[in-house]
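Beneath this line is the structure, given in structure tokens, with notes to follow.
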There are 2 protein chains.
Amino acid sequence: MIQPLKSIEPTGDIAATLRNLGREARAAARTLALAPTEQKNRALTAMAHAVRTNSDAILAANAEDIADAKAAGTAASLIDRLRLDDKRIESIAEGIEVVRDLPDPVGTVMESWTRPNGMTIERVRVPLGVIGVIYESRPNVTADAGSLCLKAGNAVILRGGSDSHRSARAIHAALAEGLRAAGLPEAAISLVPTRDRAAVGMMLTGLDGDIDVIVPRGGKGLVARVQAEARVPVFAHLEGVCHVFVDKAADLDMAKSIVLNAKMRRTGVCGAAETLLVDRAAMATHLRPLIAMLLDAGCEVRGDADVRAVGARVKPASEADWGTEYLDAVIAAKVVDGIDAAIAHIERYGSHHTDAIITADAKAAEKFLAEVDSAIVLHNASTQFADGGEFGFGSEIGIATGRMHARGPVGAEQLCTFKYRVRGAGQIRP
Amino acid sequence: MIQPLKSIEPTGDIAATLRNLGREARAAARTLALAPTEQKNRALTAMAHAVRTNSDAILAANAEDIADAKAAGTAASLIDRLRLDDKRIESIAEGIEVVRDLPDPVGTVMESWTRPNGMTIERVRVPLGVIGVIYESRPNVTADAGSLCLKAGNAVILRGGSDSHRSARAIHAALAEGLRAAGLPEAAISLVPTRDRAAVGMMLTGLDGDIDVIVPRGGKGLVARVQAEARVPVFAHLEGVCHVFVDKAADLDMAKSIVLNAKMRRTGVCGAAETLLVDRAAMATHLRPLIAMLLDAGCEVRGDADVRAVGARVKPASEADWGTEYLDAVIAAKVVDGIDAAIAHIERYGSHHTDAIITADAKAAEKFLAEVDSAIVLHNASTQFADGGEFGFGSEIGIATGRMHARGPVGAEQLCTFKYRVRGAGQIRP
């Protein structure tokens, strides 16, 4: 079953290189789909070990990437994303072990039932096939995505950012070592060996049917390009324009705690709140304390006329603010005429990612949870829980706002499809 | 919530007509997603009633379609597909009632769990949105697809065959009557009002995001075009090259019964067996009786050298036969060297639709069920069970061989997606 990975080096014919990568990944996917849990876990253990024992080589490769990036005048924030150190390498290794310790989704019986004629039917999880992951400068994605796809029995073709290509190669070499140690095909996790951007375009076409789904990991520019150009399904979210609606029946202390957390815990994550909606019926009691709290916490508030009436520190919101994902210490704030207006606002301006209501009124909560058409809807909890780890998935490859197949955090289960196993005793159809 | 459907007539500007249809369907989808089960069921009851009370009008429209088809020299088999009579109209009405009596998938909690911080998370079924259905001459698809999409809370845009457009319009008018009677938007089920084929191309682009998934219902030409050109997800199968593998441990009587049923019960369905594989170890005992039975039943057998050795009535199989979906009383037959060779043959030539093993050996059965990568794999049962009704889904919109979202029979549940409902008591993320 073991297929050694032929050394693939850029030859100038990128198309041939990529097609070959696709074919090898497809063949490896068949082996992986049938690999026992124990063998996959053995590979993951060996991968984590190899990341640790090769940390010097990984750091040396990373130092070269950083030197290049500095020479190219790359912004400090990007260089920070790119930078590895002992702590980050340990966290990469630990992340692989977390994935190893997840339950194996492959083979799980999702449902089973018996037909009147005695046949039993089972719906059982099986791997999706070959996942293409296109990412930017964070080299840890190499291991995170590689290990999660492996756990779910999928082959993966990784295309990292050109800034971090040496780091990604060094990490990938450690993953390959782990695959070899467990007797799994190295093509289970392959890294596109060229920095040529044409490779991305080829992956988006699906490599003649050899990529089943694309997962972009990176900024809006990357995600938008992938969503616009991909000819295969994409698991992604373009942006998280997340709302917190403070209902008239909201407890003020709870509202303050959740709004502060939803906006300010980490402003750069996709589950960070970007718009605060306050019920007009709670305006007299709730609006000023909420806005003052945000301003005091160093958050810029852009408000409608009602919110601006709170004080001069509130800046005016323009129409564009209602649809903006700031990913920064900025929030748009608006007073709405009750829950229906709040839901209508979210449907109009939101991104169907994650939205929350704060209320002590169970009926209002159920209405919000039913009517807001987002991947994640919350009652009395922070939008920053929009995360596979916080959902208990152990690890995620991203969050999807599409409606097909995967929605919300994409964990190992969502990287699977299913098939029907039917067991009979000679049944024929009348 | 009720939005009356504006009368849409072809104006020459088909693009504008279709875009308008898409926008109205999208708006209707929002209403339908929140419609209570009782209201949807009331509409379905009224739709069935309207089909029955309007049977004269439907038959008159159908007579015109048939007259046109005859005048155009249409083949008798196609005219039969097109033809309605009292019995077929009653069966259309009954089909709507079957859908009405299915459980409502919308709102079903698929999974729920509690996090260590006390938050509860539910994964709950919600409708997909807007389904585009493109079909050919069978006018009953208008009601079958319309009712199933409605049950799952989706809006549907139907594009029927031009041969059957008057019949489809008459049935659609009855469905619209049912929607009105229940106070649901007529745009919940719309019929493309033009026979212009350009409408199909526009639907395949997704109508500016207003179609979420396309379901083609018809022959290979239609399905192949939809799969090649669609820019939105497609639920379909191009063909069902289904196999029956008779293992060395197969009971001969059971093998005969299942092979005969799988091939000959109805030869024109996608779950009909197209290839018989017989284990070489069972050749001496099983091959001749199986082949003789098929020949005696009027089935043409195209065999490899081993099968041809059975007798002169067996025709030679060419390489092309192994991948052919005959949809007729013809079967390809081959002797294979054990279960691994059978699985390898199926993976190479099959269409990942439905494949069966006949064996009394539980270990061989489990191996086959695990390793054959098809939507449906069966042990000791006929491939003709590949059908949503036979699975207990009540109704299906088709069978999918893709790996994303839906696989196998596509029933009301598969026409749904899900979202996460999170309930807290003030939780914030640390």
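By convention in this document, the chains of the structure tokens carry letters A, B, ... by their order, each chain's residues are numbered from 1, and ligands are numbered from 1 in the order they are shown.
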Could you list, as a PyMOL selection string, every residue of chain B that has an atom within 6 Å of an atom of chain A, counting only C-alpha atoms? chain B and resi 254+258+375-382+404-405+419-428
Those same residues, written as a PDB file, in the first residue's frame with C-alpha atoms?
```pdb
ATOM      1  CA  MET B 254     -29.263 -16.174  -3.184  1.00  0.00           C
ATOM      2  CA  ILE B 258     -30.182 -11.081  -6.363  1.00  0.00           C
ATOM      3  CA  ALA B 375     -22.443   6.091  -2.291  1.00  0.00           C
ATOM      4  CA  ILE B 376     -24.229   2.810  -1.537  1.00  0.00           C
ATOM      5  CA  VAL B 377     -22.570  -0.535  -0.813  1.00  0.00           C
ATOM      6  CA  LEU B 378     -24.719  -3.605  -0.133  1.00  0.00           C
ATOM      7  CA  HIS B 379     -24.173  -7.058   1.280  1.00  0.00           C
ATOM      8  CA  ASN B 380     -26.605  -9.771   0.172  1.00  0.00           C
ATOM      9  CA  ALA B 381     -29.185  -7.387  -1.249  1.00  0.00           C
ATOM     10  CA  SER B 382     -30.144  -6.122  -4.693  1.00  0.00           C
ATOM     11  CA  MET B 404     -19.941  17.071  -0.987  1.00  0.00           C
ATOM     12  CA  HIS B 405     -22.979  17.599   1.241  1.00  0.00           C
ATOM     13  CA  LYS B 419     -26.506  25.975  11.967  1.00  0.00           C
ATOM     14  CA  TYR B 420     -25.181  26.052  15.528  1.00  0.00           C
ATOM     15  CA  ARG B 421     -27.378  27.376  18.325  1.00  0.00           C
ATOM     16  CA  VAL B 422     -25.402  28.221  21.438  1.00  0.00           C
ATOM     17  CA  ARG B 423     -27.131  28.943  24.748  1.00  0.00           C
ATOM     18  CA  GLY B 424     -25.220  30.511  27.597  1.00  0.00           C
ATOM     19  CA  ALA B 425     -25.688  32.270  30.886  1.00  0.00           C
ATOM     20  CA  GLY B 426     -23.259  35.103  30.370  1.00  0.00           C
ATOM     21  CA  GLN B 427     -20.189  33.108  29.328  1.00  0.00           C
ATOM     22  CA  ILE B 428     -17.228  35.057  27.998  1.00  0.00           C
TER      23      ILE B 428
END
```
Report as a CSV table (one decimal) with N, CA and C atoms, in the first residue's frame all protein, DNA and RNA residues lying within 7 Å of Cys299 of chain B, evaluated on only C-alpha atoms, omitting residues in the same chain fewer than 2 positions from it.
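Result went into out-v6.csv, see below:
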```csv
chain,number,residue,atom,x,y,z
B,294,LEU,N,-29.4,-15.7,-16.6
B,294,LEU,CA,-29.6,-14.3,-17.3
B,294,LEU,C,-30.0,-14.5,-18.7
B,295,LEU,N,-29.3,-15.4,-19.4
B,295,LEU,CA,-29.6,-15.6,-20.8
B,295,LEU,C,-31.1,-16.1,-21.0
B,297,ALA,N,-33.5,-15.4,-19.1
B,297,ALA,CA,-34.4,-14.3,-18.8
B,297,ALA,C,-34.4,-13.3,-19.9
B,301,VAL,N,-25.6,-11.2,-22.5
B,301,VAL,CA,-24.4,-11.3,-21.7
B,301,VAL,C,-23.2,-11.1,-22.5
B,329,ALA,N,-31.5,-4.7,-21.1
B,329,ALA,CA,-31.3,-6.1,-20.8
B,329,ALA,C,-30.0,-6.6,-21.3
B,330,VAL,N,-28.9,-6.0,-20.9
B,330,VAL,CA,-27.6,-6.3,-21.3
B,330,VAL,C,-26.7,-6.3,-20.0
```
Would you mind telling me which residue in B:Glu274, B:Asp279, B:Asp304, B:Asp296 lies nearest to Thr324 of chain B when using only C-alpha atoms?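 Using only C-alpha atoms, the shortest distance to Thr324 of chain B belongs to B:Glu274.
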Quick one: pull the distance between atom CA of Ala174 of chain B and atom CA of Ile89 of chain B, Å, one decimal. 11.7 Å
Got a sec to tell me which of segment 328-360 of chain B DSSP assigns to helix (DSSP H, G or I), as a PyMOL selection string? chain B and resi 338-349
Can you check which residues of segment 100-271 of chain B DSSP gives as strand (DSSP E or B) on the backbone and send them as number ranges by chain? B: 109-114, 120-127, 130-135, 155-159, 189-191, 213-217, 234, 242-246
How about saving the chosen residues, N, CA and C atoms kept, as a compact mmCIF listing (two decimals), in the first residue's frame?
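As a result, result30.txt now contains:
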```txt
# COMPACT_ATOMS: atom_id res chain seq x y z
N VAL B 109 -32.86 18.82 15.87
CA VAL B 109 -31.55 18.92 16.52
C VAL B 109 -30.76 17.66 16.16
N MET B 110 -29.69 17.85 15.40
CA MET B 110 -28.91 16.71 14.92
C MET B 110 -27.96 16.19 16.00
N GLU B 111 -27.44 17.12 16.79
CA GLU B 111 -26.53 16.79 17.88
C GLU B 111 -26.64 17.90 18.90
N SER B 112 -26.38 17.59 20.16
CA SER B 112 -26.25 18.66 21.14
C SER B 112 -25.30 18.22 22.23
N TRP B 113 -24.59 19.16 22.77
CA TRP B 113 -23.62 18.84 23.83
C TRP B 113 -23.43 20.07 24.70
N THR B 114 -22.86 19.82 25.88
CA THR B 114 -22.60 20.91 26.83
C THR B 114 -21.10 21.05 27.01
N THR B 120 -24.48 25.31 26.18
CA THR B 120 -24.95 24.17 25.39
C THR B 120 -24.88 24.56 23.91
N ILE B 121 -24.49 23.61 23.11
CA ILE B 121 -24.37 23.82 21.67
C ILE B 121 -25.26 22.80 20.97
N GLU B 122 -26.08 23.28 20.05
CA GLU B 122 -26.93 22.39 19.25
C GLU B 122 -26.61 22.59 17.78
N ARG B 123 -26.58 21.48 17.05
CA ARG B 123 -26.48 21.56 15.60
C ARG B 123 -27.89 21.27 15.08
N VAL B 124 -28.48 22.23 14.42
CA VAL B 124 -29.90 22.13 14.09
C VAL B 124 -30.08 22.28 12.57
N ARG B 125 -30.97 21.48 12.01
CA ARG B 125 -31.20 21.53 10.56
C ARG B 125 -31.95 22.78 10.16
N VAL B 126 -31.47 23.43 9.12
CA VAL B 126 -32.17 24.57 8.52
C VAL B 126 -32.15 24.38 7.01
N PRO B 127 -33.06 25.02 6.29
CA PRO B 127 -33.11 24.80 4.84
C PRO B 127 -31.84 25.29 4.14
N VAL B 130 -32.31 28.19 -1.89
CA VAL B 130 -33.02 28.13 -3.17
C VAL B 130 -32.42 27.00 -4.01
N ILE B 131 -33.27 26.08 -4.42
CA ILE B 131 -32.85 24.94 -5.24
C ILE B 131 -33.28 25.20 -6.68
N GLY B 132 -32.41 24.99 -7.61
CA GLY B 132 -32.77 25.05 -9.02
C GLY B 132 -32.90 23.63 -9.55
N VAL B 133 -34.04 23.31 -10.15
CA VAL B 133 -34.25 21.97 -10.69
C VAL B 133 -34.45 22.08 -12.20
N ILE B 134 -33.60 21.39 -12.93
CA ILE B 134 -33.67 21.41 -14.39
C ILE B 134 -34.03 20.01 -14.84
N TYR B 135 -35.18 19.86 -15.52
CA TYR B 135 -35.62 18.52 -15.87
C TYR B 135 -36.08 18.46 -17.31
N ALA B 155 -37.05 27.36 -1.23
CA ALA B 155 -37.69 27.81 -2.46
C ALA B 155 -37.09 27.02 -3.61
N VAL B 156 -37.86 26.86 -4.68
CA VAL B 156 -37.36 26.11 -5.83
C VAL B 156 -37.69 26.85 -7.11
N ILE B 157 -36.74 26.85 -8.01
CA ILE B 157 -36.97 27.39 -9.35
C ILE B 157 -36.92 26.19 -10.30
N LEU B 158 -38.04 25.90 -10.94
CA LEU B 158 -38.16 24.74 -11.80
C LEU B 158 -38.00 25.16 -13.25
N ARG B 159 -37.23 24.39 -13.99
CA ARG B 159 -37.11 24.62 -15.42
C ARG B 159 -37.39 23.29 -16.10
N ILE B 189 -42.37 28.26 -5.15
CA ILE B 189 -42.22 27.28 -6.24
C ILE B 189 -42.46 28.03 -7.54
N SER B 190 -41.40 28.37 -8.24
CA SER B 190 -41.61 29.09 -9.49
C SER B 190 -41.17 28.24 -10.66
N LEU B 191 -41.79 28.52 -11.78
CA LEU B 191 -41.51 27.78 -13.01
C LEU B 191 -40.96 28.79 -14.02
N VAL B 213 -28.08 25.54 -5.11
CA VAL B 213 -27.69 24.22 -5.62
C VAL B 213 -28.59 23.88 -6.81
N ILE B 214 -28.03 23.15 -7.76
CA ILE B 214 -28.78 22.74 -8.95
C ILE B 214 -28.97 21.22 -8.91
N VAL B 215 -30.18 20.79 -9.22
CA VAL B 215 -30.47 19.37 -9.34
C VAL B 215 -30.96 19.10 -10.76
N PRO B 216 -30.19 18.40 -11.58
CA PRO B 216 -30.67 18.02 -12.90
C PRO B 216 -31.43 16.71 -12.82
N ARG B 217 -32.57 16.63 -13.48
CA ARG B 217 -33.33 15.39 -13.53
C ARG B 217 -33.56 15.03 -14.98
N VAL B 234 -23.87 20.94 -7.46
CA VAL B 234 -24.83 20.11 -8.20
C VAL B 234 -25.04 18.81 -7.42
N CYS B 242 -23.33 -0.05 -11.92
CA CYS B 242 -23.43 -0.78 -10.66
C CYS B 242 -22.99 -2.24 -10.86
N HIS B 243 -22.31 -2.75 -9.84
CA HIS B 243 -21.75 -4.10 -9.91
C HIS B 243 -22.39 -5.02 -8.88
N VAL B 244 -22.51 -6.31 -9.27
CA VAL B 244 -22.76 -7.35 -8.27
C VAL B 244 -21.56 -8.28 -8.31
N PHE B 245 -20.93 -8.45 -7.15
CA PHE B 245 -19.79 -9.37 -7.04
C PHE B 245 -20.25 -10.62 -6.31
N VAL B 246 -20.15 -11.76 -7.00
CA VAL B 246 -20.50 -13.05 -6.40
C VAL B 246 -19.22 -13.67 -5.86
```
Surrounding residues of Thr275 of chain B excluding itself and chain neighbours under 2 positions, 6 Å, only C-alpha atoms, as a list in words: His243, Ala273, Ile331, Ala332 and Ala333 of chain B
Which one of A:Arg81, A:Gly95, A:Asn154, A:Ser318 sits closest to Ile211 of chain A if you count only C-alpha atoms? A:Asn154
Skip segment 139-151 of chain B itself and residues of its chain fewer than 4 positions away, then list as a ChimeraX atom specification all residues within 8 Å of it, counting only C-alpha atoms. /B:32,40-41,44,82,92,95-96,99-100,104-105,131,133,135,155-156,158,160,164,167-168,171-172,175,188-189,395-397,411-412,415
Can I get the selected residues back with N, CA and C atoms, as a short mmCIF file (atom, residue, chain, number, x, y, z; two decimals), in the first residue's frame?
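Printed below is part14.cif as written:
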```
data_model
loop_
_atom_site.label_atom_id
_atom_site.label_comp_id
_atom_site.auth_asym_id
_atom_site.auth_seq_id
_atom_site.Cartn_x
_atom_site.Cartn_y
_atom_site.Cartn_z
N LEU B 32 -40.13 30.84 3.87
CA LEU B 32 -40.30 29.39 4.00
C LEU B 32 -39.46 28.81 5.13
N LYS B 40 -46.72 24.57 6.10
CA LYS B 40 -46.21 23.89 4.91
C LYS B 40 -47.09 22.69 4.57
N ASN B 41 -47.51 21.94 5.60
CA ASN B 41 -48.35 20.77 5.34
C ASN B 41 -49.71 21.18 4.79
N LEU B 44 -49.28 21.71 1.22
CA LEU B 44 -49.13 20.46 0.48
C LEU B 44 -50.49 19.76 0.30
N LEU B 82 -43.96 11.68 -21.43
CA LEU B 82 -44.66 12.96 -21.41
C LEU B 82 -46.14 12.80 -21.04
N ILE B 92 -49.54 11.70 -8.97
CA ILE B 92 -48.88 12.99 -8.65
C ILE B 92 -49.46 13.55 -7.34
N GLY B 95 -48.32 11.53 -4.43
CA GLY B 95 -46.91 11.81 -4.14
C GLY B 95 -46.75 13.05 -3.27
N ILE B 96 -47.58 14.06 -3.54
CA ILE B 96 -47.53 15.28 -2.72
C ILE B 96 -47.95 14.96 -1.29
N VAL B 99 -45.17 13.31 0.65
CA VAL B 99 -44.20 14.32 1.12
C VAL B 99 -44.76 15.06 2.33
N ARG B 100 -46.04 15.41 2.26
CA ARG B 100 -46.67 16.09 3.40
C ARG B 100 -46.53 15.27 4.67
N ASP B 104 -40.89 16.75 9.29
CA ASP B 104 -40.28 18.01 8.84
C ASP B 104 -38.82 18.02 9.28
N PRO B 105 -37.87 18.07 8.34
CA PRO B 105 -36.46 18.05 8.77
C PRO B 105 -36.03 19.36 9.43
N ILE B 131 -33.27 26.08 -4.42
CA ILE B 131 -32.85 24.94 -5.24
C ILE B 131 -33.28 25.20 -6.68
N VAL B 133 -34.04 23.31 -10.15
CA VAL B 133 -34.25 21.97 -10.69
C VAL B 133 -34.45 22.08 -12.20
N TYR B 135 -35.18 19.86 -15.52
CA TYR B 135 -35.62 18.52 -15.87
C TYR B 135 -36.08 18.46 -17.31
N ALA B 155 -37.05 27.36 -1.23
CA ALA B 155 -37.69 27.81 -2.46
C ALA B 155 -37.09 27.02 -3.61
N VAL B 156 -37.86 26.86 -4.68
CA VAL B 156 -37.36 26.11 -5.83
C VAL B 156 -37.69 26.85 -7.11
N LEU B 158 -38.04 25.90 -10.94
CA LEU B 158 -38.16 24.74 -11.80
C LEU B 158 -38.00 25.16 -13.25
N GLY B 160 -38.61 23.14 -16.61
CA GLY B 160 -39.01 21.89 -17.22
C GLY B 160 -38.58 21.81 -18.67
N SER B 164 -42.71 19.52 -22.57
CA SER B 164 -43.80 19.35 -21.62
C SER B 164 -44.21 20.67 -20.97
N SER B 167 -47.94 21.14 -19.89
CA SER B 167 -48.29 20.26 -18.78
C SER B 167 -47.68 20.78 -17.48
N ALA B 168 -46.42 21.17 -17.56
CA ALA B 168 -45.74 21.66 -16.35
C ALA B 168 -46.41 22.93 -15.84
N ILE B 171 -49.65 21.98 -14.05
CA ILE B 171 -49.39 21.42 -12.72
C ILE B 171 -48.90 22.52 -11.78
N HIS B 172 -48.03 23.37 -12.31
CA HIS B 172 -47.50 24.46 -11.49
C HIS B 172 -48.63 25.37 -11.01
N LEU B 175 -50.01 23.89 -7.99
CA LEU B 175 -49.13 24.06 -6.82
C LEU B 175 -49.27 25.49 -6.27
N ALA B 188 -42.31 30.64 -3.76
CA ALA B 188 -41.73 29.45 -3.14
C ALA B 188 -41.48 28.37 -4.19
N ILE B 189 -42.37 28.26 -5.15
CA ILE B 189 -42.22 27.28 -6.24
C ILE B 189 -42.46 28.03 -7.54
N SER B 395 -39.39 10.14 -0.13
CA SER B 395 -39.33 10.75 -1.45
C SER B 395 -37.89 11.18 -1.67
N GLU B 396 -37.49 11.30 -2.90
CA GLU B 396 -36.13 11.76 -3.18
C GLU B 396 -36.17 12.68 -4.38
N ILE B 397 -35.18 13.56 -4.45
CA ILE B 397 -35.11 14.44 -5.62
C ILE B 397 -34.10 13.89 -6.61
N GLY B 411 -32.93 13.11 -0.12
CA GLY B 411 -34.27 13.32 0.39
C GLY B 411 -34.38 14.68 1.07
N ALA B 412 -35.45 14.84 1.83
CA ALA B 412 -35.71 16.15 2.46
C ALA B 412 -34.55 16.56 3.37
N LEU B 415 -31.69 18.07 1.62
CA LEU B 415 -31.97 19.39 1.07
C LEU B 415 -31.87 20.46 2.16
#
```
Residue nearest Ala236 of chain A among A:Ala69, A:Ile399, A:Val106, A:Ala152 (counting only C-alpha atoms):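 Of the candidates, the smallest distance to Ala236 of chain A is held by A:Ile399.
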Point out the residue among B:Val410, B:Leu21, B:Ile66, B:Ala344 with the least atom-to-atom distance to His165 of chain B, counting only C-alpha atoms. B:Ile66
Hey, can you check how far atom CA of Pro185 of chain B sits from atom CA of Thr45 of chain B? 15.8 Å
Using atom CA of Arg348 of chain A and atom CA of Asp321 of chain A as the two end points, give the distance in Å to one decimal. 12.7 Å
